[in-house]
Every structure is written in structure tokens, then in C-alpha cells.
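Asker: Mind having a look at this structure? Questions to follow.
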Amino acid sequence: MKKILRTCIVCRKKFEQKELLRFKCENEKLVQYNNYGRSFYICETCSKQIQTDLKVKDLKRLEKILNKECKSKNNFVTQLKEILTDVR
């Protein structure tokens with residue numbers, strides 16, 4: 001049986017789908033995936049890095065990635081941090 005690989009939007013590494021956290025943008029907000037609509041993945045390593053302290057350069061890069069995924073310019077980094085702390 002072939003394993004399904006997905007890409008982390010932050011580090012661009014490939015992982016099995018079950019190893020990743022899945023999110024989507026809904027009504028200008030970032031939410032955990034609910035089996036409806038387009039989504040994106042973040043790996044455990046990147047999620048831990050996001051929860052701790054990001055350098056300014058990495059923060060700007062993450063903002064750009066999330067804005068592109070969500071097709072909006074909201075502050076998705078803050079929302080992502082809040083979701084990740086609640087998931088744990």
C-alpha cells in the first residue's frame with residue numbers, strides 16, 4: 001500500500017498525512033480542518049518552532065506563507081499560535 005505524503009507549508013518537507021497538523025482558512029480566520037474545503041499542513045517541528053520564539057526573518061516568512069494560503073492579509077500568525085497552544 002502506497003503511503004500518502006503531504007508537504008509542510010513552512011519547511012516544505014514531505015511527511016505522512018497522519019504526522020501533520022491540518023488547518024484551513026474560513027471566513028478570514030484560521031481554524032483546524034473540519035473535512036470541508038481546502039487545507040494546508042504544518043509539521044510537528046515547525047509547530048513547536050512557531051509556538052516558541054521565531055526570529056523576525058522567520059516570522060515575516062511565515063506571515064507571507066499564511067497570507068498566500070488564506071488569500072488575505074490578516075494576522076494569521078497570532079491565530080496559528082493560539083490554535084497550536086490549544087491543541088496541545
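All residue names refer to the C-alpha cells as shown: chains lettered A, B, ... in order, residues numbered from 1 in each chain, ligands numbered from 1 in order.
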List every residue of stretch 22-57 of chain A that DSSP, applied to the backbone of this structure, places in strand (DSSP E or B), and write the result as a ChimeraX atom specification.
Answerer: /A:22-26,29-32,40-43
Asker: Please dump the current selection as a short mmCIF file (atom, residue, chain, number, x, y, z; two decimals), in the first residue's frame; keep C-alpha atoms.
Answerer:
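The new file part_39.cif reads:
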data_model
loop_
_atom_site.label_atom_id
_atom_site.label_comp_id
_atom_site.auth_asym_id
_atom_site.auth_seq_id
_atom_site.Cartn_x
_atom_site.Cartn_y
_atom_site.Cartn_z
CA ARG A 22 -4.09 20.27 9.26
CA PHE A 23 -5.59 23.75 9.06
CA LYS A 24 -7.75 25.84 6.76
CA CYS A 25 -8.90 29.42 6.36
CA GLU A 26 -12.59 30.06 6.88
CA LYS A 29 -9.96 33.10 10.26
CA LEU A 30 -7.57 30.23 10.66
CA VAL A 31 -9.21 27.05 12.00
CA GLN A 32 -8.46 23.38 12.34
CA PHE A 40 -2.77 23.01 4.37
CA TYR A 41 -0.38 21.15 6.66
CA ILE A 42 2.23 22.06 9.28
CA CYS A 43 4.66 19.51 10.73
#
Asker: I'd like to know which of A:Gln49, A:Ser39, A:Gln17, A:Asn27 is closest to A:Glu69, using only C-alpha atoms.
Answerer: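 Of A:Gln49, A:Ser39, A:Gln17, A:Asn27, the one nearest A:Glu69, counting only C-alpha atoms, is A:Ser39.
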Asker: Can you list, as a PyMOL selection string, all residues belonging to chain A that DSSP tags as helix (DSSP H, G or I)?
Answerer: chain A and resi 17-19+44-51+56-70+76-87
